[in-house]
$ cat target-v5.tsv   # TSV, C-alpha atoms
chain	number	residue	atom	x	y	z
A	83	MET	CA	-14.13	2.53	-0.68
A	84	PRO	CA	-15.28	3.95	2.69
A	85	ALA	CA	-12.92	6.10	4.69
A	86	SER	CA	-12.97	3.54	7.50
A	87	SER	CA	-10.54	1.32	5.62
A	88	VAL	CA	-6.96	1.32	6.85
A	89	CYS	CA	-4.20	2.02	4.38
A	90	SER	CA	-1.03	2.27	6.32
A	91	PRO	CA	-0.33	4.45	5.32
A	92	HIS	CA	1.03	3.76	4.40
A	93	PRO	CA	4.52	3.68	2.66
A	94	SER	CA	6.66	1.91	5.29
A	95	ALA	CA	10.20	1.74	3.97
A	96	ILE	CA	13.94	1.39	4.55
A	97	THR	CA	16.94	2.64	2.66
A	98	ALA	CA	18.52	-0.28	0.88
A	99	ALA	CA	21.58	1.37	-0.64
A	100	ALA	CA	22.52	4.65	-2.28
A	101	ASP	CA	20.41	3.88	-5.36
A	102	SER	CA	17.79	1.47	-4.00
A	103	PHE	CA	14.96	1.49	-1.52
A	104	ILE	CA	12.48	-0.99	-0.04
A	105	ASP	CA	9.00	0.52	-0.06
A	106	VAL	CA	6.65	-1.42	2.24
A	107	ASP	CA	2.99	-0.67	2.85
A	108	PHE	CA	-0.38	-2.34	3.31
A	109	CYS	CA	-4.12	-1.75	3.08
A	110	GLN	CA	-6.77	-3.39	5.24
A	111	ARG	CA	-10.56	-3.54	5.54
A	112	ALA	CA	-12.39	-5.32	8.35
A	113	LYS	CA	-15.12	-7.89	7.74
A	114	ALA	CA	-18.58	-6.36	7.39
A	115	GLY	CA	-20.09	-5.66	10.81
A	116	GLN	CA	-16.73	-5.78	12.59
A	117	VAL	CA	-14.94	-2.74	13.97
A	118	VAL	CA	-11.61	-4.54	14.50
A	119	ALA	CA	-9.90	-6.55	11.79
A	120	GLY	CA	-8.83	-10.11	12.53
A	121	ASP	CA	-5.66	-9.70	10.42
A	122	ALA	CA	-2.40	-8.10	11.53
A	123	PHE	CA	0.40	-6.56	9.48
A	124	LEU	CA	3.54	-5.63	11.44
A	125	SER	CA	6.96	-4.52	10.25
A	126	ARG	CA	10.25	-3.59	11.87
A	127	ARG	CA	13.36	-1.92	10.54
A	128	LEU	CA	16.71	-3.16	11.86
A	129	ARG	CA	18.87	-0.25	10.77
A	130	GLU	CA	22.16	-1.57	12.15
A	131	GLU	CA	21.72	-4.89	10.30
A	132	GLY	CA	20.37	-3.37	7.10
A	133	ARG	CA	17.21	-5.51	7.32
A	134	ILE	CA	13.48	-5.07	7.38
A	135	VAL	CA	11.18	-7.80	8.71
A	136	LEU	CA	7.43	-7.89	8.15
A	137	VAL	CA	4.70	-10.32	9.17
A	138	LEU	CA	1.15	-10.76	7.85
A	139	SER	CA	-1.07	-12.88	10.11
A	140	ASP	CA	-4.72	-13.95	9.82
A	141	GLY	CA	-6.40	-14.89	13.11
A	142	LEU	CA	-8.95	-17.67	13.34
A	143	GLY	CA	-12.43	-16.22	12.73
A	144	SER	CA	-12.95	-12.46	12.81
A	145	GLY	CA	-13.32	-9.54	15.17
A	146	VAL	CA	-11.51	-8.87	18.44
A	147	LYS	CA	-10.61	-12.49	19.26
A	148	ALA	CA	-9.13	-13.07	15.82
A	149	GLY	CA	-7.31	-9.76	16.04
A	150	VAL	CA	-5.71	-10.77	19.34
A	151	LEU	CA	-4.56	-14.10	17.86
A	152	ALA	CA	-3.21	-12.41	14.72
A	153	ASN	CA	-1.34	-9.73	16.66
A	154	LEU	CA	0.08	-12.28	19.09
A	155	THR	CA	1.31	-14.40	16.18
A	156	ALA	CA	2.72	-11.43	14.26
A	157	THR	CA	4.48	-10.03	17.33
A	158	MET	CA	6.16	-13.35	18.15
A	159	ALA	CA	7.13	-13.98	14.53
A	160	LEU	CA	8.56	-10.48	14.20
A	161	ARG	CA	10.62	-10.87	17.36
A	162	TYR	CA	11.97	-14.34	16.52
A	163	THR	CA	12.78	-13.51	12.90
A	164	SER	CA	14.50	-10.27	13.92
A	165	ALA	CA	16.71	-12.30	16.26
A	166	PHE	CA	17.54	-14.86	13.53
A	167	VAL	CA	15.80	-17.65	15.46
A	168	ASP	CA	15.58	-20.86	13.38
A	169	VAL	CA	12.35	-20.94	11.35
A	170	ARG	CA	11.32	-24.34	12.69
A	171	GLN	CA	11.87	-23.32	16.29
A	172	SER	CA	10.01	-20.04	15.95
A	173	ALA	CA	7.05	-21.59	14.09
A	174	GLU	CA	6.74	-24.40	16.64
A	175	THR	CA	6.84	-21.91	19.52
A	176	ILE	CA	4.10	-19.82	17.89
A	177	MET	CA	1.82	-22.82	17.35
A	178	ASN	CA	2.38	-24.13	20.86
A	179	THR	CA	1.58	-20.73	22.36
A	180	LEU	CA	-1.75	-20.06	20.68
A	181	PRO	CA	-4.92	-21.45	22.34
A	182	VAL	CA	-6.95	-24.24	20.73
A	183	CYS	CA	-10.41	-23.48	19.32
A	184	GLU	CA	-12.92	-25.72	21.14
A	185	VAL	CA	-15.11	-26.14	18.05
A	186	ARG	CA	-12.58	-26.51	15.23
A	187	LYS	CA	-9.75	-27.90	17.37
A	188	ILE	CA	-7.38	-25.53	15.56
A	189	SER	CA	-4.77	-23.63	17.56
A	190	TYR	CA	-3.18	-21.23	15.18
A	191	SER	CA	-3.46	-18.13	13.07
A	192	THR	CA	-1.79	-18.18	9.69
A	193	PHE	CA	1.33	-16.16	8.98
A	194	THR	CA	3.59	-14.93	6.21
A	195	ILE	CA	7.07	-13.73	7.24
A	196	VAL	CA	9.33	-11.75	4.91
A	197	ASP	CA	12.92	-10.95	5.91
A	198	LEU	CA	14.73	-8.59	3.50
A	199	HIS	CA	18.32	-7.43	3.51
A	200	GLU	CA	19.35	-4.12	2.01
A	201	ASN	CA	21.18	-5.92	-0.82
A	202	GLY	CA	17.90	-7.56	-1.95
A	203	HIS	CA	18.48	-10.96	-0.31
A	204	THR	CA	15.05	-12.19	0.80
A	205	ARG	CA	13.71	-15.05	2.95
A	206	VAL	CA	9.99	-15.89	2.95
A	207	ILE	CA	8.27	-18.25	5.41
A	208	GLU	CA	4.59	-19.10	4.79
A	209	HIS	CA	1.95	-20.98	6.74
A	210	GLY	CA	-1.71	-21.04	5.75
A	211	ASN	CA	-1.93	-17.75	3.85
A	212	PRO	CA	-2.19	-17.50	0.05
A	213	PRO	CA	1.30	-17.78	-1.48
A	214	VAL	CA	3.42	-14.65	-1.84
A	215	LEU	CA	3.55	-13.26	-5.39
A	216	LEU	CA	6.79	-12.03	-6.97
A	217	LEU	CA	6.29	-9.58	-9.82
A	218	ARG	CA	9.28	-8.56	-11.94
A	219	GLY	CA	7.85	-5.55	-13.69
A	220	ALA	CA	4.46	-6.88	-14.76
A	221	GLN	CA	5.67	-10.47	-15.12
A	222	SER	CA	4.85	-13.07	-12.47
A	223	VAL	CA	7.92	-15.04	-11.35
A	224	ALA	CA	7.59	-18.53	-9.84
A	225	LEU	CA	9.29	-19.05	-6.47
A	226	ASP	CA	11.08	-22.30	-5.64
A	227	ARG	CA	9.53	-23.26	-2.28
A	228	THR	CA	10.70	-25.94	0.14
A	229	ALA	CA	8.14	-27.72	2.34
A	230	ILE	CA	8.99	-27.93	6.05
A	231	THR	CA	7.34	-30.32	8.52
A	232	LEU	CA	7.50	-29.64	12.26
A	233	GLU	CA	8.10	-32.47	14.72
A	234	SER	CA	5.07	-31.72	16.91
A	235	TRP	CA	2.76	-30.47	14.13
A	236	ARG	CA	3.27	-32.99	11.34
A	237	GLU	CA	-0.15	-32.31	9.82
A	238	ARG	CA	0.77	-28.68	9.10
A	239	LEU	CA	3.24	-27.70	6.40
A	240	LEU	CA	5.34	-24.57	6.25
A	241	HIS	CA	6.89	-23.35	3.02
A	242	TYR	CA	10.24	-21.60	2.79
A	243	CYS	CA	11.96	-19.85	-0.10
A	244	GLU	CA	15.06	-17.73	-0.50
A	245	PHE	CA	15.93	-15.44	-3.42
A	246	ARG	CA	17.31	-12.02	-4.34
A	247	LEU	CA	15.11	-9.09	-5.34
A	248	ARG	CA	16.06	-6.94	-8.32
A	249	LEU	CA	15.34	-3.26	-8.75
A	250	GLY	CA	11.75	-2.93	-9.90
A	251	ASP	CA	10.58	-6.17	-8.22
A	252	ARG	CA	7.46	-6.32	-6.07
A	253	LEU	CA	6.37	-8.88	-3.46
A	254	VAL	CA	2.66	-9.08	-2.68
A	255	CYS	CA	1.23	-10.92	0.34
A	256	LEU	CA	-2.47	-11.45	1.01
A	257	THR	CA	-4.91	-12.99	3.44
A	258	ASP	CA	-7.56	-15.36	2.10
A	259	GLY	CA	-10.26	-12.72	2.47
A	260	ILE	CA	-8.81	-11.25	-0.74
A	261	THR	CA	-8.65	-14.46	-2.77
A	262	GLN	CA	-12.05	-15.67	-1.54
A	263	SER	CA	-13.83	-12.34	-2.07
A	264	GLY	CA	-16.86	-12.58	-4.34
A	265	LEU	CA	-17.42	-16.21	-3.33
A	266	GLY	CA	-20.70	-17.38	-4.89
A	267	GLN	CA	-21.10	-14.30	-7.05
A	268	ARG	CA	-21.76	-14.66	-10.76
A	269	GLY	CA	-18.50	-15.49	-12.51
A	270	MET	CA	-16.75	-16.25	-9.20
A	271	PRO	CA	-18.31	-19.45	-7.81
A	272	LEU	CA	-15.08	-20.25	-5.92
A	273	GLY	CA	-14.10	-16.68	-5.20
A	274	TRP	CA	-11.80	-14.20	-6.91
A	275	GLY	CA	-8.77	-16.51	-6.83
A	276	MET	CA	-5.01	-16.00	-7.14
A	277	GLY	CA	-5.13	-15.92	-10.92
A	278	ASN	CA	-7.45	-12.92	-11.00
A	279	VAL	CA	-5.48	-11.17	-8.25
A	280	THR	CA	-2.31	-11.61	-10.30
A	281	ARG	CA	-3.97	-10.27	-13.44
A	282	LEU	CA	-5.22	-7.20	-11.60
A	283	LEU	CA	-1.74	-6.51	-10.23
A	284	GLN	CA	-0.20	-6.90	-13.68
A	285	ALA	CA	-2.75	-4.59	-15.29
A	286	ARG	CA	-2.19	-1.90	-12.65
A	287	ILE	CA	1.58	-2.08	-13.02
A	288	VAL	CA	1.36	-1.88	-16.83
A	289	ARG	CA	-0.86	1.18	-16.45
A	290	ALA	CA	1.37	2.85	-13.84
A	291	PRO	CA	4.85	1.21	-13.66
A	292	GLU	CA	5.96	3.45	-10.75
A	293	LEU	CA	2.84	2.81	-8.65
A	294	SER	CA	3.77	2.84	-4.95
A	295	SER	CA	3.23	-0.05	-2.56
A	296	ARG	CA	0.59	1.99	-0.78
A	297	GLU	CA	-1.45	2.60	-3.92
A	298	LEU	CA	-1.10	-0.94	-5.27
A	299	ALA	CA	-2.22	-2.49	-1.96
A	300	ARG	CA	-5.18	-0.12	-1.92
A	301	LYS	CA	-6.20	-1.13	-5.47
A	302	VAL	CA	-6.23	-4.82	-4.50
A	303	VAL	CA	-8.34	-4.25	-1.37
A	304	GLU	CA	-10.75	-1.95	-3.24
A	305	GLU	CA	-11.32	-4.63	-5.88
A	306	ALA	CA	-11.89	-7.35	-3.27
A	307	TRP	CA	-14.26	-5.03	-1.40
A	308	ALA	CA	-16.19	-4.46	-4.63
A	309	ASN	CA	-16.32	-8.23	-5.27
A	310	ASP	CA	-18.20	-8.57	-1.98
A	311	GLU	CA	-20.49	-5.66	-2.95
A	312	GLY	CA	-19.21	-3.51	-0.11
A	313	ARG	CA	-19.90	-6.09	2.62
A	314	PRO	CA	-16.75	-8.22	2.94
A	315	LYS	CA	-17.33	-11.74	4.21
A	316	ASP	CA	-13.84	-11.80	5.74
A	317	ASP	CA	-11.09	-9.37	6.65
A	318	LEU	CA	-9.23	-8.00	3.62
A	319	THR	CA	-5.49	-7.33	3.94
A	320	CYS	CA	-2.87	-6.83	1.25
A	321	GLY	CA	0.79	-5.95	1.85
A	322	VAL	CA	3.18	-4.88	-0.92
A	323	ILE	CA	6.97	-4.60	-1.01
A	324	TYR	CA	8.52	-2.60	-3.85
A	325	TYR	CA	12.30	-2.68	-4.30
A	326	ARG	CA	13.17	0.45	-6.26
A	327	ARG	CA	15.11	3.67	-6.48
A	328	PRO	CA	14.34	6.09	-3.63
A	329	ARG	CA	11.88	8.96	-3.92
A	330	ARG	CA	13.11	12.04	-2.12
A	331	LEU	CA	11.36	15.06	-0.61
A	332	LEU	CA	12.96	18.28	0.62
A	333	VAL	CA	11.00	20.26	3.23
A	334	ILE	CA	12.38	23.77	3.76
A	335	THR	CA	10.99	25.63	6.76
A	336	GLY	CA	12.14	28.81	8.45
A	337	PRO	CA	14.71	31.43	7.46
A	338	PRO	CA	18.40	30.80	8.29
A	339	PHE	CA	19.78	32.17	11.55
A	340	ALA	CA	22.22	34.37	9.58
A	341	ARG	CA	20.60	36.42	6.82
A	342	GLU	CA	23.68	36.06	4.60
A	343	ARG	CA	22.79	32.34	4.26
A	344	ASP	CA	19.40	33.05	2.64
A	345	ALA	CA	20.88	32.20	-0.76
A	346	GLU	CA	21.45	28.61	0.40
A	347	LEU	CA	17.69	28.06	0.51
A	348	ALA	CA	17.29	29.13	-3.11
A	349	ALA	CA	20.25	26.96	-4.13
A	350	GLN	CA	18.65	23.91	-2.50
A	351	VAL	CA	15.42	24.45	-4.48
A	352	LEU	CA	17.40	24.58	-7.73
A	353	GLN	CA	19.72	21.66	-7.01
A	354	PHE	CA	17.60	19.12	-5.12
A	355	GLN	CA	16.84	15.90	-7.02
A	356	GLY	CA	13.27	15.21	-5.94
A	357	ARG	CA	10.14	16.97	-4.76
A	358	VAL	CA	10.29	20.22	-2.80
A	359	ALA	CA	7.91	21.69	-0.20
A	360	ILE	CA	8.30	25.10	1.45
A	361	CYS	CA	6.64	25.65	4.83
A	362	GLY	CA	6.49	29.25	5.98
A	363	GLY	CA	5.57	32.60	4.47
A	364	THR	CA	8.90	34.23	5.30
A	365	THR	CA	10.81	31.28	3.89
A	366	ALA	CA	8.73	31.33	0.69
A	367	ASN	CA	9.24	35.08	0.27
A	368	ILE	CA	13.03	34.72	0.62
A	369	ILE	CA	13.15	32.03	-2.08
A	370	SER	CA	10.68	33.92	-4.26
A	371	ARG	CA	12.84	37.05	-4.16
A	372	LEU	CA	16.11	35.25	-4.85
A	373	LEU	CA	14.73	33.11	-7.70
A	374	ASN	CA	12.43	35.80	-9.05
A	375	ARG	CA	9.47	33.42	-8.86
A	376	PRO	CA	6.26	35.03	-7.58
A	377	VAL	CA	4.18	33.42	-4.84
A	378	VAL	CA	0.57	33.06	-6.02
A	379	SER	CA	-2.28	32.74	-3.52
A	380	LEU	CA	-4.66	29.78	-3.80
A	381	LEU	CA	-8.16	30.31	-2.45
A	382	ASP	CA	-9.64	26.91	-3.21
A	383	ASN	CA	-9.90	23.96	-0.79
A	384	LEU	CA	-9.59	26.19	2.27
A	385	ASP	CA	-8.97	24.68	5.71
A	386	PRO	CA	-10.75	26.68	8.45
A	387	ASP	CA	-7.91	26.06	10.91
A	388	ILE	CA	-4.81	26.56	8.75
A	389	PRO	CA	-3.83	29.37	6.34
A	390	PRO	CA	-4.25	28.37	2.68
A	391	ALA	CA	-1.46	27.00	0.51
A	392	THR	CA	0.20	29.11	-2.18
A	393	ARG	CA	1.98	28.27	-5.41
A	394	MET	CA	5.47	28.89	-6.77
A	395	ASP	CA	6.96	27.64	-10.04
A	396	GLY	CA	9.34	24.73	-9.54
A	397	VAL	CA	8.01	23.91	-6.05
A	398	ASP	CA	5.52	21.11	-5.39
A	399	LEU	CA	3.84	22.68	-2.34
A	400	VAL	CA	4.03	25.98	-0.46
A	401	THR	CA	2.25	26.26	2.89
A	402	GLU	CA	2.21	28.30	6.07
A	403	GLY	CA	4.92	27.15	8.45
A	404	THR	CA	4.61	26.18	12.08
A	405	MET	CA	0.84	25.65	12.36
A	406	THR	CA	0.82	23.42	9.26
A	407	LEU	CA	3.77	21.37	10.51
A	408	ALA	CA	2.13	21.04	13.94
A	409	ARG	CA	-1.02	19.69	12.26
A	410	VAL	CA	1.07	17.17	10.28
A	411	ALA	CA	2.65	15.99	13.55
A	412	GLU	CA	-0.82	15.68	15.08
A	413	LEU	CA	-2.11	13.63	12.13
A	414	LEU	CA	0.89	11.32	12.34
A	415	GLU	CA	0.46	10.85	16.11
A	416	ARG	CA	-3.24	10.09	15.75
A	417	GLY	CA	-2.63	7.66	12.90
A	418	ALA	CA	-5.44	9.41	11.09
A	419	GLY	CA	-5.41	7.10	8.07
A	420	GLU	CA	-5.72	8.78	4.70
A	421	PRO	CA	-4.74	12.49	4.67
A	422	LYS	CA	-7.61	14.89	4.06
A	423	PRO	CA	-7.36	15.96	0.39
A	424	GLY	CA	-7.19	19.67	-0.29
A	425	SER	CA	-5.96	20.57	3.20
A	426	PRO	CA	-2.46	22.13	3.30
A	427	ALA	CA	-1.46	19.80	6.15
A	428	GLY	CA	-3.04	16.82	4.37
A	429	ASP	CA	-1.23	17.66	1.14
A	430	LEU	CA	2.09	17.97	2.98
A	431	LEU	CA	1.54	14.68	4.81
A	432	GLU	CA	0.64	13.01	1.50
A	433	LEU	CA	3.94	14.21	0.00
A	434	MET	CA	5.82	12.76	2.98
A	435	LEU	CA	4.04	9.42	2.78
A	436	GLN	CA	4.69	9.19	-0.97
A	437	SER	CA	8.41	9.74	-0.39
A	438	ASP	CA	11.09	7.38	0.87
A	439	VAL	CA	13.70	9.81	2.14
A	440	VAL	CA	12.53	13.10	3.66
A	441	HIS	CA	15.15	15.83	4.03
A	442	PHE	CA	14.32	18.68	6.42
A	443	LEU	CA	16.21	21.98	6.03
A	444	VAL	CA	15.27	23.96	9.13
A	445	GLY	CA	16.04	27.64	9.58
A	446	THR	CA	16.71	28.65	13.19
A	447	ARG	CA	15.91	32.35	13.08
A	448	ILE	CA	13.42	33.08	15.88
A	449	ASN	CA	9.93	34.06	14.78
A	450	GLU	CA	8.67	36.48	17.41
A	451	ALA	CA	5.06	35.63	16.55
A	452	HIS	CA	5.54	32.21	18.13
A	453	GLN	CA	6.85	33.51	21.44
A	454	ASP	CA	3.46	34.86	22.51
A	455	PRO	CA	2.41	32.99	25.70
A	456	ASN	CA	-1.11	32.73	24.25
A	457	VAL	CA	0.15	30.60	21.36
A	458	PRO	CA	-0.33	26.83	21.96
A	459	VAL	CA	2.64	24.92	23.34
A	460	GLU	CA	3.02	22.86	20.16
A	461	LEU	CA	3.95	26.04	18.30
A	462	ASP	CA	6.99	26.58	20.55
A	463	LEU	CA	9.76	26.24	17.99
A	464	ARG	CA	9.63	24.74	14.51
A	465	ARG	CA	12.75	22.71	15.15
A	466	ASN	CA	10.99	20.71	17.90
A	467	ILE	CA	7.99	20.07	15.65
A	468	VAL	CA	10.26	18.88	12.84
A	469	ARG	CA	11.96	16.51	15.28
A	470	ARG	CA	8.54	15.07	16.21
A	471	ILE	CA	7.57	14.61	12.57
A	472	ALA	CA	10.91	12.97	11.73
A	473	ALA	CA	10.63	10.58	14.69
A	474	LEU	CA	7.08	9.60	13.73
A	475	LEU	CA	7.96	9.08	10.07
A	476	GLU	CA	10.82	6.79	11.09
A	477	SER	CA	9.07	4.82	13.84
A	478	ARG	CA	5.59	4.43	12.34
A	479	HIS	CA	6.27	4.53	8.61
A	480	LEU	CA	9.88	3.32	8.46
A	481	LYS	CA	10.96	6.34	6.44
A	482	GLU	CA	14.49	7.61	6.36
A	483	THR	CA	14.76	11.24	7.47
A	484	ARG	CA	17.66	13.67	7.46
A	485	THR	CA	17.52	16.99	9.27
A	486	GLN	CA	19.86	19.93	8.79
A	487	PHE	CA	19.62	23.12	10.85
A	488	ILE	CA	20.80	26.33	9.23

$ encode --input "target-v5.tsv" --output "structure tokens"
Amino acid sequence: MPASSVCSPHPSAITAAADSFIDVDFCQRAKAGQVVAGDAFLSRRLREEGRIVLVLSDGLGSGVKAGVLANLTATMALRYTSAFVDVRQSAETIMNTLPVCEVRKISYSTFTIVDLHENGHTRVIEHGNPPVLLLRGAQSVALDRTAITLESWRERLLHYCEFRLRLGDRLVCLTDGITQSGLGQRGMPLGWGMGNVTRLLQARIVRAPELSSRELARKVVEEAWANDEGRPKDDLTCGVIYYRRPRRLLVITGPPFARERDAELAAQVLQFQGRVAICGGTTANIISRLLNRPVVSLLDNLDPDIPPATRMDGVDLVTEGTMTLARVAELLERGAGEPKPGSPAGDLLELMLQSDVVHFLVGTRINEAHQDPNVPVELDLRRNIVRRIAALLESRHLKETRTQFI
């Protein structure tokens, strides 16, 4: 699928409890010939309440106008649901706010609202979009929906359901560009359909039971894109929620302020339950010496702007320090979509996006090389760069981050 597709990158997520995590992400592709998608996928973490709220909206038509309608709808729905506004009141306000199409006499964009609590309690409100799918492992589970009629919009039904997610469950929400992809093609006279979408999801989960929300959403959009032979007739958006055990990443960067604490870095590599990345040549050399694990240079997939990655047994990624972290912060700020494969910064960002909880262990010993006034401002101190990365991971990708200075 072309690089122009948007995969949020995804994974947006929130800690659910000590042994559980809500992994949320989406993938999106605009209608052929359109630069802006007419669908919107927004999410918000309410840390104090232990909730995460997400909204998928499909604006009427396509392009900029549809995108404005979808984003307006999603923003209002996100705000009202976050504030526990009654579903009828919020839906009626949304429909009354949106303008009426002069041709179709329709005044709304569709929406799917999911409100999850950290204990797995879930509320789903649907209007106009294909129904949300609940997958327990690879098995599809039927949801008991209640129809809701609004006083001023009696011709339009909303559907509401309430249930509790279990570890391993996935929720999948779609816009109709997915289910109607391939419309008129051989074997799909009425489009791909919910049945085929469900079967694809089940097959992918059987093949890779731990597949992340980000990857599963991407697989669905890629298949729909292929159904339309690379020229989608509508915007394609798929959002996935995966309630599972957390995936952890430890990023160690910089030597400790006191040299007698060097051994703590090596101990963290040995004891950490999850993936480990080391950022910084000095840091890698300290750990290499203490663990007697040589650092091996890698000269493939070179990035012209960043020193190459190296390899150490028992460590998932070893990179240069401050310049690589600064590039990761830049990629996160730009919202650069899919990380560039083979680049040290891209590989590090990919590790972060694949993880749910990112632990930063930051050494505070001053590196004189970064005090040169000719060095760019963003290379000031690694601790400030780590703070930027942590803030971006939390605000834009709903990760949980923990930072310890040593």

$ residues_around --input "target-v5.tsv" --residues "A:His199" --least-positions-apart "4" --cutoff "9 Å" --atoms "all atoms listed in the file" --output "list in words"
Ala98, Glu131, Gly132, Arg133, Ile134, Val135, His203, Thr204 and Arg205 of chain A

$ closest_atom_pairs --input "target-v5.tsv" --of "stretch 130-223 of chain A" --to "stretch 321-338 of chain A" --cutoff "12 Å" --atoms "all atoms listed in the file" --output "CSV"
residue,atom,partner,partner_atom,distance
A:Ile134,CA,A:Ile323,CA,10.6
A:Val135,CA,A:Ile323,CA,11.1
A:Leu136,CA,A:Gly321,CA,9.4
A:Val137,CA,A:Gly321,CA,9.4
A:Leu138,CA,A:Gly321,CA,7.7
A:Ser139,CA,A:Gly321,CA,10.9
A:Thr194,CA,A:Gly321,CA,10.4
A:Ile195,CA,A:Gly321,CA,11.4
A:Val196,CA,A:Ile323,CA,9.6
A:Asp197,CA,A:Ile323,CA,11.1
A:Leu198,CA,A:Ile323,CA,9.8
A:His199,CA,A:Tyr325,CA,10.9
A:Glu200,CA,A:Tyr325,CA,9.6
A:Asn201,CA,A:Tyr325,CA,10.1
A:Gly202,CA,A:Tyr325,CA,7.8
A:His203,CA,A:Tyr325,CA,11.1
A:Thr204,CA,A:Tyr325,CA,11.1
A:Val214,CA,A:Gly321,CA,9.8
A:Leu215,CA,A:Val322,CA,9.5
A:Leu216,CA,A:Ile323,CA,9.5
A:Leu217,CA,A:Tyr324,CA,9.5
A:Arg218,CA,A:Tyr324,CA,10.1
A:Gly219,CA,A:Tyr324,CA,10.3

$ atom_distance --input "target-v5.tsv" --atom1 "atom CA of A:His441" --atom2 "atom CA of A:Gln353"
13.3 Å

$ residues_around --input "target-v5.tsv" --residues "A:Leu240" --least-positions-apart "4" --cutoff "8 Å" --atoms "all atoms listed in the file" --output "number ranges by chain"
A: 207-210, 229-231

$ axis_aligned_box --input "target-v5.tsv" --around "stretch 262-271 of chain A" --padding-each-side "5 Å" --output "lines of an AutoDock Vina configuration file"
center_x = -16.9
center_y = -15.9
center_z = -7.0
size_x = 19.7
size_y = 17.1
size_z = 21.0

$ residues_around --input "target-v5.tsv" --residues "A:Leu414" --least-positions-apart "5" --cutoff "8 Å" --atoms "only C-alpha atoms" --output "PyMOL selection string"
chain A and resi 471+474-475
